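Colleague: Below is the file data_16.pdb, with PDB, C-alpha atoms.
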```pdb
ATOM      1  CA  MET I   4     103.967  94.455 104.902
ATOM      2  CA  SER I   5     103.780  91.967 102.062
ATOM      3  CA  THR I   6     100.499  93.466 100.942
ATOM      4  CA  THR I   7     100.207  95.196  97.563
ATOM      5  CA  VAL I   8      98.699  98.610  96.905
ATOM      6  CA  SER I   9      95.678  97.038  95.143
ATOM      7  CA  GLU I  10      94.863  95.054  98.294
ATOM      8  CA  ALA I  11      94.911  98.160 100.504
ATOM      9  CA  MET I  12      93.547 100.943  98.258
ATOM     10  CA  ARG I  13      89.987 102.128  97.917
ATOM     11  CA  ALA I  14      88.644 101.269  94.494
ATOM     12  CA  SER I  15      85.307 103.016  94.960
ATOM     13  CA  VAL I  16      86.235 106.693  94.820
ATOM     14  CA  GLU I  17      84.232 109.786  93.873
ATOM     15  CA  THR I  18      85.626 111.404  90.730
ATOM     16  CA  LEU I  19      84.622 114.449  88.718
ATOM     17  CA  SER I  20      85.345 115.810  85.251
ATOM     18  CA  PRO I  21      87.608 118.754  84.392
ATOM     19  CA  ASP I  22      84.440 120.787  83.746
ATOM     20  CA  ALA I  23      83.094 120.334  87.287
ATOM     21  CA  SER I  24      82.397 123.614  89.045
ATOM     22  CA  ILE I  25      84.043 124.694  92.273
ATOM     23  CA  SER I  26      80.628 124.160  93.923
ATOM     24  CA  ASP I  27      80.503 120.583  92.621
ATOM     25  CA  LEU I  28      83.972 119.955  94.039
ATOM     26  CA  ALA I  29      83.194 121.462  97.435
ATOM     27  CA  ARG I  30      79.812 119.685  97.657
ATOM     28  CA  SER I  31      81.411 116.329  96.878
ATOM     29  CA  MET I  32      84.103 116.893  99.506
ATOM     30  CA  LYS I  33      81.525 117.928 102.102
ATOM     31  CA  ASN I  34      79.058 115.116 101.414
ATOM     32  CA  LEU I  35      81.723 112.409 101.433
ATOM     33  CA  ASP I  36      83.923 113.976 104.136
ATOM     34  CA  ILE I  37      86.979 113.867 101.884
ATOM     35  CA  GLY I  38      89.710 116.385 101.088
ATOM     36  CA  ILE I  39      90.628 115.338  97.563
ATOM     37  CA  VAL I  40      88.808 114.591  94.323
ATOM     38  CA  PRO I  41      90.464 112.861  91.363
ATOM     39  CA  ILE I  42      89.681 114.555  88.049
ATOM     40  CA  LEU I  43      89.082 112.127  85.189
ATOM     41  CA  ASP I  44      88.684 112.624  81.474
ATOM     42  CA  GLN I  45      87.481 109.438  79.754
ATOM     43  CA  GLU I  46      88.625 107.271  82.719
ATOM     44  CA  ARG I  47      92.104 108.813  82.546
ATOM     45  CA  LEU I  48      93.406 110.660  85.581
ATOM     46  CA  VAL I  49      94.225 114.211  84.459
ATOM     47  CA  GLY I  50      94.452 115.940  87.830
ATOM     48  CA  LEU I  51      93.651 116.118  91.519
ATOM     49  CA  VAL I  52      91.818 118.872  93.392
ATOM     50  CA  THR I  53      92.223 119.208  97.147
ATOM     51  CA  ASP I  54      90.316 121.402  99.562
ATOM     52  CA  ARG I  55      93.540 123.384  99.852
ATOM     53  CA  ASP I  56      93.610 123.889  96.052
ATOM     54  CA  ILE I  57      90.126 125.397  96.207
ATOM     55  CA  VAL I  58      91.242 127.921  98.802
ATOM     56  CA  LEU I  59      94.722 128.760  97.508
ATOM     57  CA  ARG I  60      94.199 128.561  93.752
ATOM     58  CA  GLY I  61      90.558 129.503  93.662
ATOM     59  CA  LEU I  62      89.744 131.968  96.396
ATOM     60  CA  ALA I  63      92.926 133.521  97.819
ATOM     61  CA  ASP I  64      93.743 135.431  94.635
ATOM     62  CA  GLY I  65      90.318 137.038  94.370
ATOM     63  CA  ARG I  66      89.207 135.006  91.375
ATOM     64  CA  ASP I  67      85.481 134.637  90.661
ATOM     65  CA  PRO I  68      84.543 131.241  92.156
ATOM     66  CA  ALA I  69      81.465 130.988  89.922
ATOM     67  CA  ALA I  70      83.687 130.975  86.836
ATOM     68  CA  LEU I  71      86.168 128.373  88.072
ATOM     69  CA  LYS I  72      86.243 124.760  86.943
ATOM     70  CA  ALA I  73      88.221 121.790  88.207
ATOM     71  CA  ARG I  74      90.673 122.263  85.319
ATOM     72  CA  ASP I  75      91.553 125.714  86.746
ATOM     73  CA  LEU I  76      92.333 124.362  90.210
ATOM     74  CA  MET I  77      93.723 120.881  89.716
ATOM     75  CA  SER I  78      97.275 119.742  90.213
ATOM     76  CA  LYS I  79      98.456 118.173  86.977
ATOM     77  CA  ASP I  80     101.873 116.901  88.051
ATOM     78  CA  ILE I  81     100.640 113.762  89.738
ATOM     79  CA  VAL I  82     102.787 111.325  91.644
ATOM     80  CA  SER I  83     101.122 107.941  91.972
ATOM     81  CA  CYS I  84     101.690 104.330  92.871
ATOM     82  CA  ALA I  85     100.996 101.183  90.887
ATOM     83  CA  PRO I  86      98.432  98.585  91.967
ATOM     84  CA  ASP I  87     101.069  95.830  92.011
ATOM     85  CA  GLU I  88     103.597  97.893  94.009
ATOM     86  CA  SER I  89     104.287  96.609  97.505
ATOM     87  CA  LEU I  90     102.511  98.570 100.188
ATOM     88  CA  LYS I  91     105.782  98.930 102.074
ATOM     89  CA  LYS I  92     107.486 100.539  99.061
ATOM     90  CA  ALA I  93     104.502 102.830  98.413
ATOM     91  CA  ALA I  94     104.434 103.834 102.097
ATOM     92  CA  LYS I  95     108.120 104.723 102.037
ATOM     93  CA  ARG I  96     107.626 106.824  98.902
ATOM     94  CA  MET I  97     104.611 108.552 100.509
ATOM     95  CA  ALA I  98     106.744 109.392 103.536
ATOM     96  CA  LYS I  99     109.567 110.750 101.402
ATOM     97  CA  ALA I 100     107.164 112.886  99.349
ATOM     98  CA  GLN I 101     105.175 113.858 102.483
ATOM     99  CA  VAL I 102     101.802 113.056 100.918
ATOM    100  CA  ARG I 103      98.731 111.645 102.607
ATOM    101  CA  ARG I 104      96.936 110.252  99.547
ATOM    102  CA  TRP I 105      98.035 108.873  96.204
ATOM    103  CA  PRO I 106      96.037 107.992  93.121
ATOM    104  CA  VAL I 107      96.458 104.530  91.688
ATOM    105  CA  PRO I 108      96.398 104.269  87.889
ATOM    106  CA  SER I 109      96.634 101.085  85.864
ATOM    107  CA  ASP I 110      97.258 101.091  82.101
ATOM    108  CA  GLY I 111      96.537 104.825  82.123
ATOM    109  CA  ASN I 112      93.124 104.448  83.779
ATOM    110  CA  PHE I 113      92.292 105.492  87.330
ATOM    111  CA  VAL I 114      91.561 102.477  89.561
ATOM    112  CA  GLY I 115      91.642 103.861  93.113
ATOM    113  CA  MET I 116      93.257 105.910  95.871
ATOM    114  CA  LEU I 117      95.709 104.912  98.576
ATOM    115  CA  SER I 118      95.643 106.912 101.813
ATOM    116  CA  LEU I 119      97.561 106.887 105.078
ATOM    117  CA  GLY I 120      94.506 105.294 106.663
ATOM    118  CA  ASP I 121      94.533 102.500 104.076
ATOM    119  CA  VAL I 122      98.228 101.861 104.778
ATOM    120  CA  SER I 123      97.553 101.803 108.499
ATOM    121  CA  GLN I 124      94.610  99.399 108.176
ATOM    122  CA  ALA I 125      96.484  96.990 105.902
ATOM    123  CA  SER I 126      99.801  97.119 107.731
ATOM    124  CA  ASP I 127     100.972  94.293 109.933
ATOM    125  CA  ASP I 128     103.973  96.288 111.130
ATOM    126  CA  ASP I 129     103.068  99.081 113.552
ATOM    127  CA  ASP I 130     106.574 100.581 113.421
ATOM    128  CA  ASP I 131     106.338 101.151 109.648
ATOM    129  CA  CYS I 132     102.952 102.827 110.063
ATOM    130  CA  ALA I 133     104.150 105.030 112.884
ATOM    131  CA  ASP I 134     107.200 106.059 110.865
ATOM    132  CA  LEU I 135     105.028 106.872 107.845
ATOM    133  CA  VAL I 136     102.567 108.980 109.820
ATOM    134  CA  ARG I 137     105.415 110.869 111.510
ATOM    135  CA  ALA I 138     107.219 111.478 108.212
ATOM    136  CA  VAL I 139     104.132 112.707 106.372
ATOM    137  CA  SER I 140     102.999 114.834 109.290
ATOM    138  CA  ASP I 141     106.351 116.566 109.789
ATOM    139  CA  HIS I 142     105.997 120.275 109.218
ATOM    140  CA  HIS I 143     107.021 121.399 105.747
ATOM    141  CA  GLU I 144     109.826 123.947 105.761
TER     142      GLU I 144
END
```
Turn the structure described in the file into structure tokens.

Modeller:
Amino acid sequence: MSTTVSEAMRASVETLSPDASISDLARSMKNLDIGIVPILDQERLVGLVTDRDIVLRGLADGRDPAALKARDLMSKDIVSCAPDESLKKAAKRMAKAQVRRWPVPSDGNFVGMLSLGDVSQASDDDDDCADLVRAVSDHHE
């Protein structure tokens, strides 16, 4: 894999603001068949909301879904990869962190997302891809 993250990532990604409602988040995920939405404030990545966040942070504790915004649900401690990082290095870090998708910022601005599927499509080494998928899919203890 001599490919860089910027060559493999998806640059065209649906994003929402921190003020987006839980309905906006869910609708976007449903319409685009995605499980994560980057949350941007003035082109800066400030958080990520997953379908799991909606359930665990929004609904499981009995909170009023109508009152919730993306800022209430989003993960703020974001691990990411750089556009110029080698895809092999990013894939190894994804495996170690057991994540399926990573945001890609550049100079503080959001420029795309890298997913397991992107790594698989761009990879020329099937063993690396298989190892990554196995590592990320291992059951969390």

Colleague: What does the PyMOL selection byres ((chain I and resi 31-47) around 7) select in this file, as a PyMOL selection string?

Modeller: chain I and resi 17-21+27-30+48-54+111-113

Colleague: List, as a PDB file with C-alpha atoms, in the frame of the given file, every residue that the PyMOL selection byres ((chain I and resi 88) around 6) selects in the file provided.

Modeller:
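For reference, result10.pdb as written:
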```pdb
ATOM      1  CA  THR I   7     100.207  95.196  97.563  1.00  0.00           C
ATOM      2  CA  VAL I   8      98.699  98.610  96.905  1.00  0.00           C
ATOM      3  CA  ALA I  85     100.996 101.183  90.887  1.00  0.00           C
ATOM      4  CA  PRO I  86      98.432  98.585  91.967  1.00  0.00           C
ATOM      5  CA  ASP I  87     101.069  95.830  92.011  1.00  0.00           C
ATOM      6  CA  SER I  89     104.287  96.609  97.505  1.00  0.00           C
TER       7      SER I  89
END
```

Colleague: Write out as a compact mmCIF listing (two decimals) with C-alpha atoms, in the frame of the given file which residues come within 12 Å of Arg60 in chain I when counting all atoms listed in the file, dropping same-chain ones fewer than 5 positions away.

Modeller:
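Result went into part.txt, see below:
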```
# COMPACT_ATOMS: atom_id res chain seq x y z
CA ILE I 25 84.04 124.69 92.27
CA VAL I 52 91.82 118.87 93.39
CA THR I 53 92.22 119.21 97.15
CA ASP I 54 90.32 121.40 99.56
CA ARG I 55 93.54 123.38 99.85
CA GLY I 65 90.32 137.04 94.37
CA ARG I 66 89.21 135.01 91.38
CA ASP I 67 85.48 134.64 90.66
CA PRO I 68 84.54 131.24 92.16
CA LEU I 71 86.17 128.37 88.07
CA LYS I 72 86.24 124.76 86.94
CA ALA I 73 88.22 121.79 88.21
CA ARG I 74 90.67 122.26 85.32
CA ASP I 75 91.55 125.71 86.75
CA LEU I 76 92.33 124.36 90.21
CA MET I 77 93.72 120.88 89.72
CA SER I 78 97.28 119.74 90.21
```

Colleague: Applied to the shown file, which residues does the PyMOL selection byres ((chain I and resi 15) around 10) return, written as a list in words?

Modeller: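 Written out, the selection comes to Met12, Arg13, Ala14, Val16, Glu17, Thr18, Val114, Gly115 and Met116 of chain I.
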
Colleague: Rounded to one decimal in Å, what is the spacing between CA of Arg104 in chain I and CA of Asp22 in chain I?

Modeller: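 Going from CA of Arg104 in chain I over to CA of Asp22 in chain I covers 22.7 Å.
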
Colleague: Which is closest to Val107 in chain I among I:Ser123, I:Leu90, I:Lys79, I:Cys84, if we use only C-alpha atoms?

Modeller: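 Closest to Val107 in chain I of all the choices is I:Cys84.
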
Colleague: Taking all atoms of range 15-27 of chain I that the file lists, what box with edges along x, y and z, padded by 8 Å per side, do you get, with centre and edge lengths in Å to one decimal, as AutoDock Vina command-line options?

Modeller:
```
--center_x 84.1 --center_y 113.9 --center_z 89.4 --size_x 23.1 --size_y 37.7 --size_z 27.2
```

Colleague: For CA of Ala69 in chain I and CA of Ser24 in chain I, quote the distance in Å rounded to one decimal.

Modeller: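 A separation of 7.5 Å between them.
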
Colleague: In Å, with one decimal, what is the gap from CA of Lys95 in chain I to CA of Val58 in chain I?

Modeller: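 If I compute the distance from CA of Lys95 in chain I to CA of Val58 in chain I, I get 28.9 Å.
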
Colleague: Calculated over all atoms listed in the file, which of the candidates I:Val82, I:Gly61, I:Thr6, I:Ala11 has the smallest distance to Asp121 in chain I?

Modeller: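 Nearest to Asp121 in chain I: I:Ala11.
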
Colleague: Just range 79-122 of chain I, please, as a PDB file, in the first residue's frame (only N, CA and C atoms).

Modeller:
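Generated output (selection.pdb):
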```pdb
ATOM      1  N   LYS I  79     -16.409  14.045  21.223  1.00  0.00           N
ATOM      2  CA  LYS I  79     -15.548  15.208  21.005  1.00  0.00           C
ATOM      3  C   LYS I  79     -14.072  14.837  20.969  1.00  0.00           C
ATOM      4  N   ASP I  80     -13.717  13.729  21.581  1.00  0.00           N
ATOM      5  CA  ASP I  80     -12.333  13.257  21.549  1.00  0.00           C
ATOM      6  C   ASP I  80     -12.154  12.448  20.270  1.00  0.00           C
ATOM      7  N   ILE I  81     -11.691  13.123  19.241  1.00  0.00           N
ATOM      8  CA  ILE I  81     -11.662  12.531  17.909  1.00  0.00           C
ATOM      9  C   ILE I  81     -10.243  12.121  17.534  1.00  0.00           C
ATOM     10  N   VAL I  82     -10.117  10.877  17.145  1.00  0.00           N
ATOM     11  CA  VAL I  82      -8.859  10.387  16.595  1.00  0.00           C
ATOM     12  C   VAL I  82      -9.024  10.444  15.083  1.00  0.00           C
ATOM     13  N   SER I  83      -8.007  10.929  14.399  1.00  0.00           N
ATOM     14  CA  SER I  83      -8.126  11.107  12.952  1.00  0.00           C
ATOM     15  C   SER I  83      -6.832  10.724  12.259  1.00  0.00           C
ATOM     16  N   CYS I  84      -6.848  10.819  10.957  1.00  0.00           N
ATOM     17  CA  CYS I  84      -5.639  10.590  10.174  1.00  0.00           C
ATOM     18  C   CYS I  84      -5.448  11.771   9.235  1.00  0.00           C
ATOM     19  N   ALA I  85      -4.225  11.982   8.831  1.00  0.00           N
ATOM     20  CA  ALA I  85      -3.888  13.114   7.965  1.00  0.00           C
ATOM     21  C   ALA I  85      -3.990  12.702   6.496  1.00  0.00           C
ATOM     22  N   PRO I  86      -4.336  13.644   5.625  1.00  0.00           N
ATOM     23  CA  PRO I  86      -4.465  13.318   4.206  1.00  0.00           C
ATOM     24  C   PRO I  86      -3.180  12.776   3.582  1.00  0.00           C
ATOM     25  N   ASP I  87      -2.023  13.229   4.076  1.00  0.00           N
ATOM     26  CA  ASP I  87      -0.755  12.795   3.492  1.00  0.00           C
ATOM     27  C   ASP I  87      -0.168  11.556   4.178  1.00  0.00           C
ATOM     28  N   GLU I  88      -0.879  11.021   5.167  1.00  0.00           N
ATOM     29  CA  GLU I  88      -0.433   9.805   5.857  1.00  0.00           C
ATOM     30  C   GLU I  88      -0.550   8.615   4.904  1.00  0.00           C
ATOM     31  N   SER I  89       0.364   7.680   5.005  1.00  0.00           N
ATOM     32  CA  SER I  89       0.257   6.495   4.149  1.00  0.00           C
ATOM     33  C   SER I  89      -0.961   5.684   4.568  1.00  0.00           C
ATOM     34  N   LEU I  90      -1.609   5.098   3.586  1.00  0.00           N
ATOM     35  CA  LEU I  90      -2.794   4.301   3.869  1.00  0.00           C
ATOM     36  C   LEU I  90      -2.437   3.108   4.746  1.00  0.00           C
ATOM     37  N   LYS I  91      -1.273   2.552   4.539  1.00  0.00           N
ATOM     38  CA  LYS I  91      -0.836   1.410   5.351  1.00  0.00           C
ATOM     39  C   LYS I  91      -0.717   1.809   6.822  1.00  0.00           C
ATOM     40  N   LYS I  92      -0.117   2.966   7.089  1.00  0.00           N
ATOM     41  CA  LYS I  92       0.031   3.433   8.470  1.00  0.00           C
ATOM     42  C   LYS I  92      -1.340   3.724   9.084  1.00  0.00           C
ATOM     43  N   ALA I  93      -2.204   4.393   8.321  1.00  0.00           N
ATOM     44  CA  ALA I  93      -3.552   4.700   8.822  1.00  0.00           C
ATOM     45  C   ALA I  93      -4.320   3.416   9.112  1.00  0.00           C
ATOM     46  N   ALA I  94      -4.190   2.423   8.231  1.00  0.00           N
ATOM     47  CA  ALA I  94      -4.882   1.143   8.421  1.00  0.00           C
ATOM     48  C   ALA I  94      -4.397   0.437   9.684  1.00  0.00           C
ATOM     49  N   LYS I  95      -3.111   0.478   9.928  1.00  0.00           N
ATOM     50  CA  LYS I  95      -2.579  -0.144  11.146  1.00  0.00           C
ATOM     51  C   LYS I  95      -3.092   0.569  12.393  1.00  0.00           C
ATOM     52  N   ARG I  96      -3.168   1.907  12.328  1.00  0.00           N
ATOM     53  CA  ARG I  96      -3.683   2.649  13.484  1.00  0.00           C
ATOM     54  C   ARG I  96      -5.179   2.387  13.679  1.00  0.00           C
ATOM     55  N   MET I  97      -5.926   2.239  12.582  1.00  0.00           N
ATOM     56  CA  MET I  97      -7.350   1.902  12.681  1.00  0.00           C
ATOM     57  C   MET I  97      -7.522   0.552  13.370  1.00  0.00           C
ATOM     58  N   ALA I  98      -6.687  -0.410  12.971  1.00  0.00           N
ATOM     59  CA  ALA I  98      -6.767  -1.746  13.559  1.00  0.00           C
ATOM     60  C   ALA I  98      -6.466  -1.695  15.048  1.00  0.00           C
ATOM     61  N   LYS I  99      -5.428  -0.964  15.407  1.00  0.00           N
ATOM     62  CA  LYS I  99      -5.042  -0.878  16.821  1.00  0.00           C
ATOM     63  C   LYS I  99      -6.148  -0.220  17.647  1.00  0.00           C
ATOM     64  N   ALA I 100      -6.771   0.814  17.097  1.00  0.00           N
ATOM     65  CA  ALA I 100      -7.832   1.531  17.807  1.00  0.00           C
ATOM     66  C   ALA I 100      -9.192   0.857  17.659  1.00  0.00           C
ATOM     67  N   GLN I 101      -9.282  -0.150  16.803  1.00  0.00           N
ATOM     68  CA  GLN I 101     -10.522  -0.875  16.502  1.00  0.00           C
ATOM     69  C   GLN I 101     -11.637   0.087  16.085  1.00  0.00           C
ATOM     70  N   VAL I 102     -11.339   0.911  15.081  1.00  0.00           N
ATOM     71  CA  VAL I 102     -12.345   1.813  14.522  1.00  0.00           C
ATOM     72  C   VAL I 102     -12.571   1.479  13.056  1.00  0.00           C
ATOM     73  N   ARG I 103     -13.766   1.750  12.595  1.00  0.00           N
ATOM     74  CA  ARG I 103     -14.148   1.448  11.221  1.00  0.00           C
ATOM     75  C   ARG I 103     -14.080   2.668  10.301  1.00  0.00           C
ATOM     76  N   ARG I 104     -14.116   3.865  10.900  1.00  0.00           N
ATOM     77  CA  ARG I 104     -14.126   5.094  10.108  1.00  0.00           C
ATOM     78  C   ARG I 104     -13.345   6.168  10.846  1.00  0.00           C
ATOM     79  N   TRP I 105     -12.578   6.933  10.086  1.00  0.00           N
ATOM     80  CA  TRP I 105     -11.835   8.045  10.674  1.00  0.00           C
ATOM     81  C   TRP I 105     -12.035   9.305   9.872  1.00  0.00           C
ATOM     82  N   PRO I 106     -12.225  10.424  10.567  1.00  0.00           N
ATOM     83  CA  PRO I 106     -12.278  11.706   9.856  1.00  0.00           C
ATOM     84  C   PRO I 106     -10.872  12.107   9.410  1.00  0.00           C
ATOM     85  N   VAL I 107     -10.849  12.918   8.376  1.00  0.00           N
ATOM     86  CA  VAL I 107      -9.575  13.393   7.839  1.00  0.00           C
ATOM     87  C   VAL I 107      -9.598  14.922   7.834  1.00  0.00           C
ATOM     88  N   PRO I 108      -8.888  15.542   8.789  1.00  0.00           N
ATOM     89  CA  PRO I 108      -8.779  16.995   8.783  1.00  0.00           C
ATOM     90  C   PRO I 108      -7.473  17.443   8.123  1.00  0.00           C
ATOM     91  N   SER I 109      -7.491  18.658   7.624  1.00  0.00           N
ATOM     92  CA  SER I 109      -6.283  19.257   7.065  1.00  0.00           C
ATOM     93  C   SER I 109      -6.280  20.728   7.455  1.00  0.00           C
ATOM     94  N   ASP I 110      -5.226  21.174   8.099  1.00  0.00           N
ATOM     95  CA  ASP I 110      -5.130  22.561   8.580  1.00  0.00           C
ATOM     96  C   ASP I 110      -6.351  22.947   9.417  1.00  0.00           C
ATOM     97  N   GLY I 111      -6.854  21.991  10.204  1.00  0.00           N
ATOM     98  CA  GLY I 111      -7.976  22.253  11.083  1.00  0.00           C
ATOM     99  C   GLY I 111      -9.338  22.136  10.431  1.00  0.00           C
ATOM    100  N   ASN I 112      -9.391  22.015   9.111  1.00  0.00           N
ATOM    101  CA  ASN I 112     -10.670  21.887   8.410  1.00  0.00           C
ATOM    102  C   ASN I 112     -10.926  20.441   8.014  1.00  0.00           C
ATOM    103  N   PHE I 113     -12.183  20.049   8.036  1.00  0.00           N
ATOM    104  CA  PHE I 113     -12.588  18.700   7.665  1.00  0.00           C
ATOM    105  C   PHE I 113     -12.502  18.552   6.140  1.00  0.00           C
ATOM    106  N   VAL I 114     -11.823  17.489   5.672  1.00  0.00           N
ATOM    107  CA  VAL I 114     -11.705  17.285   4.228  1.00  0.00           C
ATOM    108  C   VAL I 114     -12.248  15.935   3.756  1.00  0.00           C
ATOM    109  N   GLY I 115     -12.575  15.024   4.676  1.00  0.00           N
ATOM    110  CA  GLY I 115     -13.129  13.747   4.244  1.00  0.00           C
ATOM    111  C   GLY I 115     -13.156  12.707   5.346  1.00  0.00           C
ATOM    112  N   MET I 116     -13.573  11.488   4.950  1.00  0.00           N
ATOM    113  CA  MET I 116     -13.637  10.351   5.863  1.00  0.00           C
ATOM    114  C   MET I 116     -12.938   9.169   5.205  1.00  0.00           C
ATOM    115  N   LEU I 117     -12.258   8.387   6.035  1.00  0.00           N
ATOM    116  CA  LEU I 117     -11.625   7.158   5.586  1.00  0.00           C
ATOM    117  C   LEU I 117     -12.327   6.003   6.293  1.00  0.00           C
ATOM    118  N   SER I 118     -12.794   5.030   5.523  1.00  0.00           N
ATOM    119  CA  SER I 118     -13.483   3.876   6.100  1.00  0.00           C
ATOM    120  C   SER I 118     -12.748   2.589   5.764  1.00  0.00           C
ATOM    121  N   LEU I 119     -13.137   1.509   6.436  1.00  0.00           N
ATOM    122  CA  LEU I 119     -12.578   0.199   6.114  1.00  0.00           C
ATOM    123  C   LEU I 119     -12.784  -0.132   4.643  1.00  0.00           C
ATOM    124  N   GLY I 120     -13.953   0.207   4.124  1.00  0.00           N
ATOM    125  CA  GLY I 120     -14.239  -0.047   2.713  1.00  0.00           C
ATOM    126  C   GLY I 120     -13.288   0.707   1.796  1.00  0.00           C
ATOM    127  N   ASP I 121     -12.980   1.959   2.163  1.00  0.00           N
ATOM    128  CA  ASP I 121     -12.041   2.752   1.359  1.00  0.00           C
ATOM    129  C   ASP I 121     -10.662   2.103   1.363  1.00  0.00           C
ATOM    130  N   VAL I 122     -10.234   1.628   2.548  1.00  0.00           N
ATOM    131  CA  VAL I 122      -8.931   0.967   2.663  1.00  0.00           C
ATOM    132  C   VAL I 122      -8.925  -0.290   1.788  1.00  0.00           C
TER     133      VAL I 122
END
```
